[in-house]
Every structure is written in C-alpha cells, then in structure tokens.
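Single-structure report; data block below.
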Amino acid sequence: MDRDPIVDELRSAAEELRAVAQVTRATPPELDPALRMAEEATRSAADVQPTVAIVGTRAGRLRVIEAIAGAALLGAAPSKGGWRITFVRHAVVFDSVAHSRNARRIVRFSQHEPDRSDLFEKRLEQARGDRAKALGGLEERKKRLSEAREKERAARETAGRSPSAEEAEDTTLVHAKSVRPGAMQPPPWWAIWLWIARLFAALLRPKAPPLPAAPAPDEETGRKEVRREERRRLAEALRQEARAAHDRGAALEREIAEDDAVERADRTIERLTAEQAKYAQERREEFLAHLARLGDDIVELKIEYPTLHLPEGMTLLDIPTPQTEESRRAASGAVQRDVHGFVVLEDASRPMPPALVSFIEELARMVPRLFTLPETAEGAVIGERLRAVRADGAHLAARAAAMRLRACLPALRTARDEADATHRKRLATLEGQRLPDPTEFRARQVERVKATIEQGVDDALKSADALLRRDLGALRAQWTESVAACESRSALVALAADLDRGIASGIAQTLEGTTARIDEELRQVTQSIEMLALDELRANYPLARRLGSDLLPPLAVDWSHAQQAVGVAPAPLGAATVAFEKKRVTIGLGGAAVGAAIGTAILPGIGSAIGAVVGVFAGFLPRSDALRKDCLARVDSCVGDAQTRALGLLAARRADLTRVLHETLDAGLAGAFERHEEAISRIQEVERRAIATERETLAALDEARTTLTRNEVRLERM
C-alpha cells in the first residue's frame with residue numbers, strides 16, 4: 001500500500017515545530033496534544049483509532065447515538081445548567097468512568113458492580129476442556145476397539161486357513177496351501193504374526209507325559225508325527241488368540257456404551273451458556289440504570305458498550321452546545337485533546353440555533369468536518385459512514401493533526417518573538433558584563449585616577465607648605481624672642497652657641513614633620529585610590545570580592561636627600577658674634593687713634609693719652625643692640641632660606657610622588673590579577689561559551705522564524 005503524502009508532510013512539519021518549541025523553551029499548552037496526535041498519525045503501520053464528535057441538538061444526538069449503540073446510553077441531561085461530554089466506544093463488556101466537576105470524584109461502574117463475565121468464561125472454558133478430554137478418551141477407546149476387531153478377524157482368518165494334520169506332510173505346505181494360485185498375497189506382517197503364533201503355541205503347549213517304550217518307528221514316520229502335532233498346536237493357539245481379541249472388543253464396546261462424559265459436558269456447557277446470557281442481560285439492564293442515575297455534577301463520561309453499528313476501534317464523542325465560557329473551554333479542550341473530526345446532525349424542518357452554528361464554526365477551525373447527517377438517519381446507514389471514516393483513519397488523523405499544528409502557529413510565533421527579545425537582552429547583558437582584559441583594565445584604571453593622584457599630590461604639598469610655614473614661623477618667633485631677651489653682649493654670645501645647635505635640629509625636625517605629613521596625606525590619597533580600584537575590580541571581576549583592603553603595597557618615599565639638602569645651612573649666630581667681636585676691636589682701635597689725635601691737639605703728651613682713652617669710650621665702640629639686630633637678621637635669613645629651600649625641594653618632588661603613586665597602583669592591580677589569573681581565565685572562558693551559546697540560540701530563533709513561515713504554508717496546504 002502506497003504511503004499517503006500528507007503523512008510524510010505531517011511528520012516533517014511536526015519535527016520542525018517540535019524543534020521550534022525546544023528553541024523557544026515556551027511550549028504553548030495546545031502544542032503537546034497536537035504533536036502527540038501527529039506522532040500517532042505518522043507512526044509506521046499505525047492503526048489509528050479515530051474519535052469522531054457528534055454535534056447537533058440534544059434530541060438529534062440522543063436518537064443518533066441510540067441508533068448506533070442499540071440502547072439509550074446518554075440518559076437524562078444534567079439539570080441546573082449542567083454540561084457533560086460523553087465518549088462512547090465499542091467493547092465486549094459494560095463499563096463506564098464518570099468524572100465529576102473539578103475532578104473531585106471518579107465513579108467507575110466496574111468498581112461498584114464487579115463484572116463476573118470472566119468467571120463464566122473460565123467455567124465455560126473448563127467445561128469445554130472437560131468435553132474435549134472426554135471426547136478424546138472416547139475416540140481413543142473406539143480406536144482400540146477397532147484394533148481389537150481387526151486382530152480378531154485376522155486371527156480367525158488365519159485359523160480358518162490352517163491345514164489339518166492329514167492335509168500336509170510338513171509345515172511348509174501350510175503356507176503353500178494358504179497362498180493358492182490366483183489368491184491375494186498375504187500382507188508383509190503375516191510372516192511376523194505367524195512367527196508370534198508359533199512362539200505362543202510353543203510356550204502354551206503342555207508337557208506331554210512320557211510315552212511308554214515302543215518299538216522305534218522308522219525315521220520318516222517320526223518326522224510326520226512331529227509335524228502333525230506342531231500344526232495342531234498352532235491352530236489351537238490361533239483360535240485362542242481370536243477368542244481373546246473377541247473378549248477385549250466386547251469389553252471396549254461395553255465401556256463405550258456406558259461412557260456419558262461427553263453428554264454431561266455438553267449439558268454443563270449448555271447450562272453455563274444460558275446463565276451467561278441471563279447474566280449479560282441483567283448486567284446490561286443494571287448498567288443502563290447506573291447511567292441513568294448519574295448525578296448532575298458529572299462533566300465527563302466514558303462508556304464502553306457492545307454497540308450494534310459502531311466500528312470497533314472507533315470512539316464517538318457527544319458534545320452539547322456550550323452555553324457558558326467554562327463549558328466552551330472544556331469543549332475546546334476535549335476536541336483538541338481527543339477528536340479527529342466531527343459530524344453535524346441537522347433537522348431539515350427547522351434552522352440550527354445561533355449558538356450551535358457558532359460552535360460548529362469554532363470546531364471547523366480545529367478539526368475536519370466530515371459530513372452532515374439527518375437526525376432521522378438509521379443506525380446501519382450511520383454505521384456504514386463511520387466504517388468508511390474508520391478505514392481512512394490514518395488520513396483523517398493526519399488532517400486533524402495538521403489543523404491542530406496550524407492552530408499552534410500564532411502561539412509559537414509569539415513565543416519565538418519573546419524568546420528572541422529575551423536572548424538579545426541576555427546577550428547584551430553578557431557582553432556588557434564581560435570581564436575586561438586585565439592589561440587594558442590596569443591601564444584604564446591608572447589613567448582614570450591620574451587626575452586624582454595629581455590632585456592628591458598637590459593637596460599634600462599644599463598642606464605640607466602650610467605646615468612648614470607654620471612650624472618655621474613658630475621656631476622663628478621662639479628664636480627671635482630668645483635673642484630679644486638677651487640684655488648683654490655676653491648673654492648674646494652664650495645664646496648664639498646654643499641657638500646654632502637648636503636652629504639646625506629645629507629646622508631638621510620641622511622638615512621631618514613636614515615629610516611625615518606629606519606621607520600621611522599621600523597614604524590617605526593611596527587609600528582613596530585603593531577604594532576606587534577595589535570598587536572597579538569588584539564591579540568588573542566577581543572573584544575580586546574576595547580581595548581585602550590591602551590591594552596596594554605600602555607607599556615608600558625617600559626623604560633623606562631632601563632633609564640633608566635643607567639641613568646643610570651654616571650656623572647663623574656663631575658667625576654673627578665672631579663678626580661682632582672683630583668689628584668691635586677694629587672700631588675700638590680706630591676710636592683710640594682719633595682720641596689721641598684730638599688730645600695731642602689740645603695738650604701734647606698727656607693729652608694724647610687721655611684723648612685715646614676717651615676716644616675708646618666716647619661712644620664709638622659698637623653696642624650690644626647692634627649684635628642683637630644682627631642676630632635677629634641672621635635668624636630671619638636662616639629660617640627664610642631653609643623654608644625657601646625646603647619648599648623648592650618639595651615642589652621638585654611632585655613628579656616623583658605622582659610617579660610613585662602611579663607605580664604603586666599599577667603594581668597592586670598587577671598583583672591582584674596575578675593572584676586570580678587562573679580563575680579569571682576560567683570565568684572568561686565561561687563568558688565566551690555563554691555568549692557563543694546565546695548567539696547560536698539567536699541564530700536558531702532566526703531560523704525558527706523561517707520555519708514557522710514555511711510550515712504555515714505547508715499546513716494550510718494539508
């Protein structure tokens with residue numbers, strides 16, 4: 001038988017739509033029943049058992065199903081606005097399964113009233129077995145009787161043909177006489193039977209009493225006597241065998257005549273058959289009464305019944321016209337789940353109700369409309385039409401499955417579009433959240449915080465400038481106050497030695513405090529940069545969440561050169577006192593000479609000496625105020641010079657500080673990436689695979705769009 005092209009088309013369409021559903025991962029609820037129906041319709045050498053819905057007015061459906069089944073199976077309609085669908089299927093036994101509303105209970109007839117048909121069948125089978133056994137025994141005995149009669153006949157014929165003692169002179173004449181010219185040749189077993197007869201004759205022959213001594217006859221006379229005795233005994237053995245065969249046959253005839261086992265088995269089978277027929281009638285009446293007693297809450301009823309005209313392997317579905325949205329959903333669900341086609345019942349005398357017309361149009365969009373029947377059609381006519389549908393069940397199932405699949409296309413298209421949007425969004429998210437390349441990330445982060453580093457260094461130097469000015473100003477005020485407090489030259493000279501040492505150590509300590517302040521400021525800048533870097537790391541690399549706050553190594557800045565350069569200032573006050581004393585001697589000697597000249601002019605001799613002394617103390621010698629001023633000037637100059645040099649050196653270190661911070665950040669990031677290099681590589685590989693998967697899924701979804709368009713045309717053609 002040639003394959004139906006629609007079956008191959010349906011198989012291809014079902015496979016492609018199943019693949020689309022797997023890609024979208026959002027299977028519409030109506031797709032699975034459609035795929036199952038398509039699989040059933042396309043299964044190799046499948047005997048599709050179609051389900052046909054009967055649609056029409058209630059009176060028409062009741063009459064048609066009763067005509068097909070031969071009994072009123074539907075019974076009374078549910079009251080109080082109830083709604084029920086009924087499946088009718090041909091079966092040998094009676095059974096029904098009723099489902100209540102919301103599946104609260106299930107009523108099965110065979111559970112409430114167990115079927116005893118199997119018991120009758122077992123007993124009938126046993127009775128038939130007994131009859132067959134009895135009949136077999138009877139045939140065996142008849143066969144044995146026939147064999148016994150045959151043996152008796154053969155023995156009698158053999159005994160009748162045996163010669164008397166006077167008719168032959170030796171045993172060879174027995175066979176020669178029995179086989180006369182022109183007579184029928186004895187059968188092959190005759191020689192065996194003759195040998196057996198002679199053996200029995202020899203065994204049964206009584207011992208002859210010893211004969212009295214007589215004169216020895218001659219040799220020929222003795223041989224004749226022996227042969228005559230042998231023939232006599234053989235004939236007697238054959239007669240005895242014939243009598244034994246006759247007795248056995250008579251016994252078998254009596255056994256056959258007395259055996260009534262077959263008759264008794266026939267009577268048992270007849271009785272069980274009558275009881276089975278009576279039970280079947282009673283159970284049928286009980287089953288119909290059970291269907292009539294079903295409550296109004298039953299929404300689905302499945303009936304198995306030995307129908308008159310419904311083909312075996314075919315199911316009828318009675319669907320009332322739904323009046324509510326709930327009943328319409330239930331009807332549509334039943335049709336999509338089970339029905340392969342529907343038949344419309346019409347009454348030519350009146351038009352169909354509008355609700356029924358609307359329901360028929362809805363069904364025509366889901367399954368094929370087979371034909372239209374008048375409500376008055378005879379059961380035999382309906383059965384003939386249904387048998388034609390049953391014979392073409394595979395083609396009908398393929399058409400129904402094609403319609404079901406076509407009805408799923410809008411939902412599949414929506415699911416495809418939603419899946420496409422979801423995966424595109426997911427791909428964008430994955431690509432946006434990819435782990436950046438560590439080398440590029442490091443360079444980008446260093447460049448990103450460049451302004452922050454420079455600003456931090458500038459702020460640190462600005463703070464150090466203010467601190468240095470403040471501390472040196474405090475030292476200047478302290479030293480100026482110490483110099484101003486000295487009232488004599490000797491006190492200034494003594495203070496100068498102490499201040500020279502104090503000024504050097506004070507400036508060094510001030511610069512050390514300033515560098516410490518810069519270090520602290522830079523550490524704060526480093527911590528701020530570290531927090532920014534950690535935030536970026538944790539935001540871009542999941543494994544970085546395990547990093548602590550020790551991302552960057554400790555900041556190391558060498559200030560020794562700057563401190564030495566600033567501390568190399570000469571001792572200011574010691575030089576001032578030396579210069580003051582030197583100036584004082586020079587001025588004193590000059591004043592004496594002037595005084596002597598003046599004294600000589602007044603009074604030569606003594607006047608010269610007195611003038612010289614007076615010249616020395618006449619006010620021309622430098623006073624301690626001049627030394628104090630000189631010391632104060634030198635303190636100001638020394639502090640100012642140290643401040644200028646320190647600020648200059650700090651400003652010159654700006655580039656170095658910026659470079660150190662950049663290198664510290666880069667080294668910290670490099671260390672973090674080195675510690676997590678393997679894990680980051682694994683995550684990047686996972687990201688690459690995930691992105692590749694999303695791109696493959698999007699490609700499959702693009703292909704699914706083409707598949708849906710192609711199958712829409714294909715299913716419409718089917």
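The chains in the structure tokens are called A, B, ... from first to last as shown; in each chain the residues are counted from 1, and the ligands are counted from 1 in the order shown.
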With a distance cut-off of 10 Å and only C-alpha atoms, select the neighbouring residues of Asp130 of chain A, excluding the residue or stretch itself and same-chain residues fewer than 4 positions from it, and output the selection as a CSV table (one decimal) with all heavy atoms, in the first residue's frame.
chain,number,residue,atom,x,y,z
A,124,LEU,N,-16.8,-21.9,31.5
A,124,LEU,CA,-17.1,-22.5,30.2
A,124,LEU,C,-15.8,-23.1,29.5
A,124,LEU,O,-15.9,-24.1,28.9
A,124,LEU,CB,-17.7,-21.4,29.2
A,124,LEU,CG,-19.2,-21.1,29.4
A,124,LEU,CD1,-19.5,-19.8,28.6
A,124,LEU,CD2,-20.0,-22.3,28.9
A,125,GLU,N,-14.8,-22.4,29.7
A,125,GLU,CA,-13.5,-22.9,29.2
A,125,GLU,C,-13.2,-24.2,29.9
A,125,GLU,O,-12.7,-25.2,29.2
A,125,GLU,CB,-12.4,-21.9,29.4
A,125,GLU,CG,-11.1,-22.3,28.8
A,125,GLU,CD,-10.0,-21.3,29.1
A,125,GLU,OE1,-10.3,-20.2,29.6
A,125,GLU,OE2,-8.8,-21.5,28.7
A,126,GLN,N,-13.4,-24.3,31.2
A,126,GLN,CA,-13.1,-25.6,31.9
A,126,GLN,C,-14.1,-26.7,31.4
A,126,GLN,O,-13.7,-27.8,31.2
A,126,GLN,CB,-13.3,-25.4,33.4
A,126,GLN,CG,-13.0,-26.6,34.2
A,126,GLN,CD,-13.2,-26.4,35.7
A,126,GLN,OE1,-13.5,-25.3,36.1
A,126,GLN,NE2,-13.0,-27.4,36.5
A,134,ALA,N,-13.0,-35.7,27.5
A,134,ALA,CA,-13.9,-36.9,27.4
A,134,ALA,C,-14.0,-37.4,26.0
A,134,ALA,O,-14.0,-38.6,25.7
A,134,ALA,CB,-15.3,-36.6,28.0
A,135,LEU,N,-14.1,-36.5,25.0
A,135,LEU,CA,-14.2,-36.9,23.6
A,135,LEU,C,-12.9,-37.5,23.2
A,135,LEU,O,-13.0,-38.5,22.4
A,135,LEU,CB,-14.5,-35.6,22.8
A,135,LEU,CG,-14.9,-35.9,21.3
A,135,LEU,CD1,-16.1,-36.8,21.2
A,135,LEU,CD2,-15.1,-34.6,20.6
A,136,GLY,N,-11.8,-37.0,23.7
A,136,GLY,CA,-10.5,-37.6,23.3
A,136,GLY,C,-10.4,-39.1,23.8
A,136,GLY,O,-9.9,-40.0,23.2
A,261,ALA,N,-19.6,-39.1,29.6
A,261,ALA,CA,-18.8,-37.9,30.0
A,261,ALA,C,-19.0,-36.8,29.0
A,261,ALA,O,-19.2,-35.6,29.3
A,261,ALA,CB,-17.3,-38.2,30.1
A,262,VAL,N,-19.1,-37.1,27.7
A,262,VAL,CA,-19.3,-36.1,26.7
A,262,VAL,C,-20.7,-35.5,26.8
A,262,VAL,O,-20.9,-34.2,26.7
A,262,VAL,CB,-19.1,-36.7,25.3
A,262,VAL,CG1,-19.4,-35.6,24.2
A,262,VAL,CG2,-17.7,-37.1,25.1
A,264,ARG,N,-22.5,-35.3,29.5
A,264,ARG,CA,-22.5,-34.4,30.7
A,264,ARG,C,-21.8,-33.1,30.5
A,264,ARG,O,-22.2,-32.1,30.9
A,264,ARG,CB,-21.8,-35.2,31.9
A,264,ARG,CG,-22.7,-36.3,32.5
A,264,ARG,CD,-22.1,-36.9,33.7
A,264,ARG,NE,-21.1,-37.8,33.4
A,264,ARG,CZ,-19.8,-37.6,33.7
A,264,ARG,NH1,-19.4,-36.5,34.2
A,264,ARG,NH2,-18.9,-38.5,33.3
A,265,ALA,N,-20.7,-33.1,29.8
A,265,ALA,CA,-20.0,-31.9,29.4
A,265,ALA,C,-20.9,-31.0,28.6
A,265,ALA,O,-20.9,-29.7,28.7
A,265,ALA,CB,-18.7,-32.2,28.8
A,266,ASP,N,-21.6,-31.6,27.6
A,266,ASP,CA,-22.5,-30.8,26.8
A,266,ASP,C,-23.6,-30.1,27.6
A,266,ASP,O,-24.0,-29.0,27.3
A,266,ASP,CB,-23.1,-31.7,25.7
A,266,ASP,CG,-22.1,-32.1,24.6
A,266,ASP,OD1,-21.1,-31.3,24.5
A,266,ASP,OD2,-22.3,-33.1,23.9
A,268,THR,N,-23.4,-29.3,30.7
A,268,THR,CA,-22.8,-28.2,31.5
A,268,THR,C,-22.6,-27.0,30.7
A,268,THR,O,-22.8,-25.9,31.1
A,268,THR,CB,-21.4,-28.7,32.1
A,268,THR,OG1,-21.7,-29.9,32.9
A,268,THR,CG2,-20.8,-27.6,32.9
A,269,ILE,N,-22.1,-27.2,29.5
A,269,ILE,CA,-21.8,-26.0,28.6
A,269,ILE,C,-23.1,-25.3,28.3
A,269,ILE,O,-23.2,-24.1,28.2
A,269,ILE,CB,-21.1,-26.5,27.3
A,269,ILE,CG1,-19.7,-27.0,27.6
A,269,ILE,CG2,-21.1,-25.4,26.3
A,269,ILE,CD1,-18.9,-27.6,26.5
Which residues of segment 405-512 of chain A come within 9 Å of segment 673-684 of chain A, and what is each one's closest atom pair and distance in Å (one decimal), counting only C-alpha atoms, sorted by chain and residue number, as a tab-separated table?
residue	atom	partner	partner_atom	distance
A:Arg434	CA	A:Gln684	CA	7.5
A:Leu435	CA	A:Gln684	CA	6.5
A:Pro436	CA	A:Gln684	CA	9.0
A:Pro438	CA	A:Phe673	CA	6.8
For this session: Determine, counting only C-alpha atoms, which protein, DNA and RNA residues have an atom within 6 Å of an atom of segment 402-405 of chain A; residues of the same chain fewer than 6 positions away are not included. Present the result as JSON, numbers by chain.
Result: {"A": [34, 366, 715]}
Those same residues, written as a compact mmCIF listing (two decimals), in the first residue's frame with N, CA, C and O atoms?
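Listing of result_20.txt after writing:
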# COMPACT_ATOMS: atom_id res chain seq x y z
N ALA A 34 -1.27 18.38 20.06
CA ALA A 34 -1.17 18.35 18.60
C ALA A 34 0.02 17.50 18.15
O ALA A 34 -0.07 16.73 17.18
N MET A 366 -10.61 23.84 14.22
CA MET A 366 -9.72 22.96 14.97
C MET A 366 -9.57 21.59 14.34
O MET A 366 -8.46 21.03 14.33
N LEU A 715 1.08 23.54 6.24
CA LEU A 715 -0.10 23.06 6.95
C LEU A 715 -1.39 23.57 6.32
O LEU A 715 -2.41 22.88 6.32
Shell around Asp338 of chain A at 8 Å using only C-alpha atoms, local window under 3 positions removed, as an mmCIF file with N, CA and C atoms, in the first residue's frame:
data_model
loop_
_atom_site.group_PDB
_atom_site.id
_atom_site.type_symbol
_atom_site.label_atom_id
_atom_site.label_comp_id
_atom_site.auth_asym_id
_atom_site.auth_seq_id
_atom_site.Cartn_x
_atom_site.Cartn_y
_atom_site.Cartn_z
ATOM 1 N N THR A 51 -11.451 9.323 16.864
ATOM 2 C CA THR A 51 -12.555 9.777 17.703
ATOM 3 C C THR A 51 -13.330 10.832 16.924
ATOM 4 N N ALA A 334 -11.496 19.304 25.098
ATOM 5 C CA ALA A 334 -11.773 17.908 24.733
ATOM 6 C C ALA A 334 -11.532 17.681 23.244
ATOM 7 N N VAL A 335 -11.932 18.627 22.416
ATOM 8 C CA VAL A 335 -11.735 18.482 20.971
ATOM 9 C C VAL A 335 -10.246 18.490 20.635
#
Problem set entry | Those in segment 307-418 of chain A with alpha helix (DSSP H) from DSSP, as number ranges by chain | A: 325-338, 354-364, 379-391, 393-418
Problem set entry | Close residues, Ala148 of chain A itself excluded, 12 Å, only C-alpha atoms, min 4 positions apart in chain, as a PyMOL selection string | chain A and resi 141-144+152-155+241-253
Save the residues we just selected, C-alpha atoms, as a short mmCIF file (atom, residue, chain, number, x, y, z; two decimals), in the first residue's frame?
data_model
loop_
_atom_site.label_atom_id
_atom_site.label_comp_id
_atom_site.auth_asym_id
_atom_site.auth_seq_id
_atom_site.Cartn_x
_atom_site.Cartn_y
_atom_site.Cartn_z
CA ARG A 141 -11.32 -46.34 23.14
CA LYS A 142 -13.01 -46.52 19.75
CA LYS A 143 -9.61 -46.76 18.14
CA ARG A 144 -8.58 -49.53 20.49
CA GLU A 152 -9.85 -60.89 15.98
CA ARG A 153 -10.69 -61.01 12.28
CA ALA A 154 -7.10 -61.68 11.30
CA ALA A 155 -6.75 -64.45 13.89
CA GLU A 241 -5.95 -65.54 20.18
CA ALA A 242 -9.16 -64.94 18.24
CA ARG A 243 -11.25 -65.64 21.36
CA ALA A 244 -9.04 -63.21 23.42
CA ALA A 245 -9.44 -60.45 20.79
CA HIS A 246 -13.20 -61.00 20.78
CA ASP A 247 -13.33 -60.65 24.59
CA ARG A 248 -11.31 -57.43 24.52
CA GLY A 249 -13.58 -55.94 21.84
CA ALA A 250 -16.69 -56.84 23.82
CA ALA A 251 -15.26 -55.14 26.94
CA LEU A 252 -14.42 -51.98 24.96
CA GLU A 253 -17.94 -51.93 23.48
#
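Ranking A:Thr24, A:Leu632, A:His423, A:Ala460 by their shortest atom-to-atom distance to Glu481 of chain A, with only C-alpha atoms included, puts A:Leu632 first.
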For this session: Quick one: everything within 12 Å of segment 446-455 of chain A, counting only C-alpha atoms, minus sequence neighbours fewer than 6 positions away in the same chain. Send it as an NGL selection string.
Result: :A and (439-440 or 461-462 or 521-533 or 536 or 654-670)
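Pairwise distance (atom CA of Arg416 of chain A, atom CA of Glu362 of chain A) equals 25.8 Å.
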When DSSP is applied to the backbone of this structure, which of segment 369-482 of chain A are assigned strand (DSSP E or B)? Write them out as a CSV table (one decimal) with N, CA, C and O atoms, in the first residue's frame.
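Now in states17.csv:
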chain,number,residue,atom,x,y,z
A,369,ARG,N,-14.3,18.8,9.4
A,369,ARG,CA,-15.8,18.5,9.4
A,369,ARG,C,-16.0,17.4,8.3
A,369,ARG,O,-15.7,17.5,7.2
A,370,LEU,N,-16.5,16.2,8.8
A,370,LEU,CA,-16.5,15.0,8.0
A,370,LEU,C,-17.7,15.0,7.1
A,370,LEU,O,-17.6,15.0,5.8
A,371,PHE,N,-18.9,15.0,7.6
A,371,PHE,CA,-20.1,15.0,6.8
A,371,PHE,C,-21.3,15.5,7.7
A,371,PHE,O,-21.1,15.7,8.9
A,372,THR,N,-22.4,15.6,7.0
A,372,THR,CA,-23.7,16.0,7.7
A,372,THR,C,-24.7,14.9,7.6
A,372,THR,O,-24.8,14.3,6.5
A,373,LEU,N,-25.3,14.6,8.7
A,373,LEU,CA,-26.3,13.5,8.8
A,373,LEU,C,-27.7,14.1,9.2
A,373,LEU,O,-27.7,15.0,10.1
A,374,PRO,N,-28.8,13.6,8.7
A,374,PRO,CA,-30.1,13.9,9.2
A,374,PRO,C,-30.3,13.3,10.6
A,374,PRO,O,-29.8,12.2,10.8
Problem set entry | Given only C-alpha atoms as the counted atoms, nearest of A:Pro353, A:Pro410, A:Pro78, A:Gly506 to Ile298 of chain A | A:Pro78
Exercise. Excluding same-chain residues fewer than 3 positions from Met352 of chain A, what lies within 12 Å of it counting only C-alpha atoms, as number ranges by chain?
Worked result: A: 55-58, 60, 321, 344-349, 355-360
Using N, CA and C atoms, can you export the residues from the last selection as a PDB file, in the first residue's frame?
ATOM      1  N   VAL A  55     -22.210  16.514  16.773  1.00  0.00           N
ATOM      2  CA  VAL A  55     -22.628  17.864  17.125  1.00  0.00           C
ATOM      3  C   VAL A  55     -24.020  18.098  16.559  1.00  0.00           C
ATOM      4  N   GLY A  56     -24.877  18.622  17.380  1.00  0.00           N
ATOM      5  CA  GLY A  56     -26.242  18.922  16.950  1.00  0.00           C
ATOM      6  C   GLY A  56     -27.110  19.209  18.157  1.00  0.00           C
ATOM      7  N   THR A  57     -28.431  19.237  17.933  1.00  0.00           N
ATOM      8  CA  THR A  57     -29.339  19.430  19.054  1.00  0.00           C
ATOM      9  C   THR A  57     -29.331  18.184  19.930  1.00  0.00           C
ATOM     10  N   ARG A  58     -29.773  18.335  21.173  1.00  0.00           N
ATOM     11  CA  ARG A  58     -29.734  17.198  22.092  1.00  0.00           C
ATOM     12  C   ARG A  58     -30.633  16.073  21.601  1.00  0.00           C
ATOM     13  N   GLY A  60     -31.466  15.270  18.567  1.00  0.00           N
ATOM     14  CA  GLY A  60     -30.836  14.598  17.443  1.00  0.00           C
ATOM     15  C   GLY A  60     -29.674  13.725  17.883  1.00  0.00           C
ATOM     16  N   THR A 321     -23.925  21.673  22.980  1.00  0.00           N
ATOM     17  CA  THR A 321     -23.584  23.044  22.607  1.00  0.00           C
ATOM     18  C   THR A 321     -23.270  23.840  23.865  1.00  0.00           C
ATOM     19  N   VAL A 344     -21.963  16.689  11.815  1.00  0.00           N
ATOM     20  CA  VAL A 344     -23.042  17.615  12.158  1.00  0.00           C
ATOM     21  C   VAL A 344     -24.386  16.930  11.890  1.00  0.00           C
ATOM     22  N   LEU A 345     -25.280  16.988  12.875  1.00  0.00           N
ATOM     23  CA  LEU A 345     -26.639  16.475  12.729  1.00  0.00           C
ATOM     24  C   LEU A 345     -27.572  17.649  12.467  1.00  0.00           C
ATOM     25  N   GLU A 346     -28.425  17.493  11.504  1.00  0.00           N
ATOM     26  CA  GLU A 346     -29.319  18.598  11.172  1.00  0.00           C
ATOM     27  C   GLU A 346     -30.752  18.094  11.032  1.00  0.00           C
ATOM     28  N   ASP A 347     -31.649  19.016  11.268  1.00  0.00           N
ATOM     29  CA  ASP A 347     -33.082  18.770  11.087  1.00  0.00           C
ATOM     30  C   ASP A 347     -33.561  19.716   9.994  1.00  0.00           C
ATOM     31  N   ALA A 348     -33.930  19.141   8.868  1.00  0.00           N
ATOM     32  CA  ALA A 348     -34.312  19.973   7.719  1.00  0.00           C
ATOM     33  C   ALA A 348     -35.559  20.793   7.986  1.00  0.00           C
ATOM     34  N   SER A 349     -36.322  20.428   9.022  1.00  0.00           N
ATOM     35  CA  SER A 349     -37.581  21.133   9.268  1.00  0.00           C
ATOM     36  C   SER A 349     -37.399  22.438  10.024  1.00  0.00           C
ATOM     37  N   ALA A 355     -26.266  29.602  18.651  1.00  0.00           N
ATOM     38  CA  ALA A 355     -25.151  29.114  19.463  1.00  0.00           C
ATOM     39  C   ALA A 355     -24.526  27.871  18.850  1.00  0.00           C
ATOM     40  N   LEU A 356     -25.373  26.972  18.293  1.00  0.00           N
ATOM     41  CA  LEU A 356     -24.852  25.765  17.662  1.00  0.00           C
ATOM     42  C   LEU A 356     -24.075  26.106  16.399  1.00  0.00           C
ATOM     43  N   VAL A 357     -24.575  27.068  15.615  1.00  0.00           N
ATOM     44  CA  VAL A 357     -23.862  27.487  14.405  1.00  0.00           C
ATOM     45  C   VAL A 357     -22.488  28.048  14.759  1.00  0.00           C
ATOM     46  N   SER A 358     -22.428  28.876  15.813  1.00  0.00           N
ATOM     47  CA  SER A 358     -21.145  29.446  16.240  1.00  0.00           C
ATOM     48  C   SER A 358     -20.186  28.362  16.721  1.00  0.00           C
ATOM     49  N   PHE A 359     -20.733  27.369  17.430  1.00  0.00           N
ATOM     50  CA  PHE A 359     -19.888  26.282  17.930  1.00  0.00           C
ATOM     51  C   PHE A 359     -19.338  25.437  16.779  1.00  0.00           C
ATOM     52  N   ILE A 360     -20.164  25.182  15.768  1.00  0.00           N
ATOM     53  CA  ILE A 360     -19.707  24.412  14.606  1.00  0.00           C
ATOM     54  C   ILE A 360     -18.592  25.158  13.884  1.00  0.00           C
TER      55      ILE A 360
END
Exercise. Nearest to Thr422 of chain A: which of A:Leu537, A:Ala235, A:Ala26, A:Val367 is it, counting only C-alpha atoms?
Worked result: A:Ala26
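Atom CA of Val64 of chain A lies 17.2 Å from atom CA of Ala388 of chain A.
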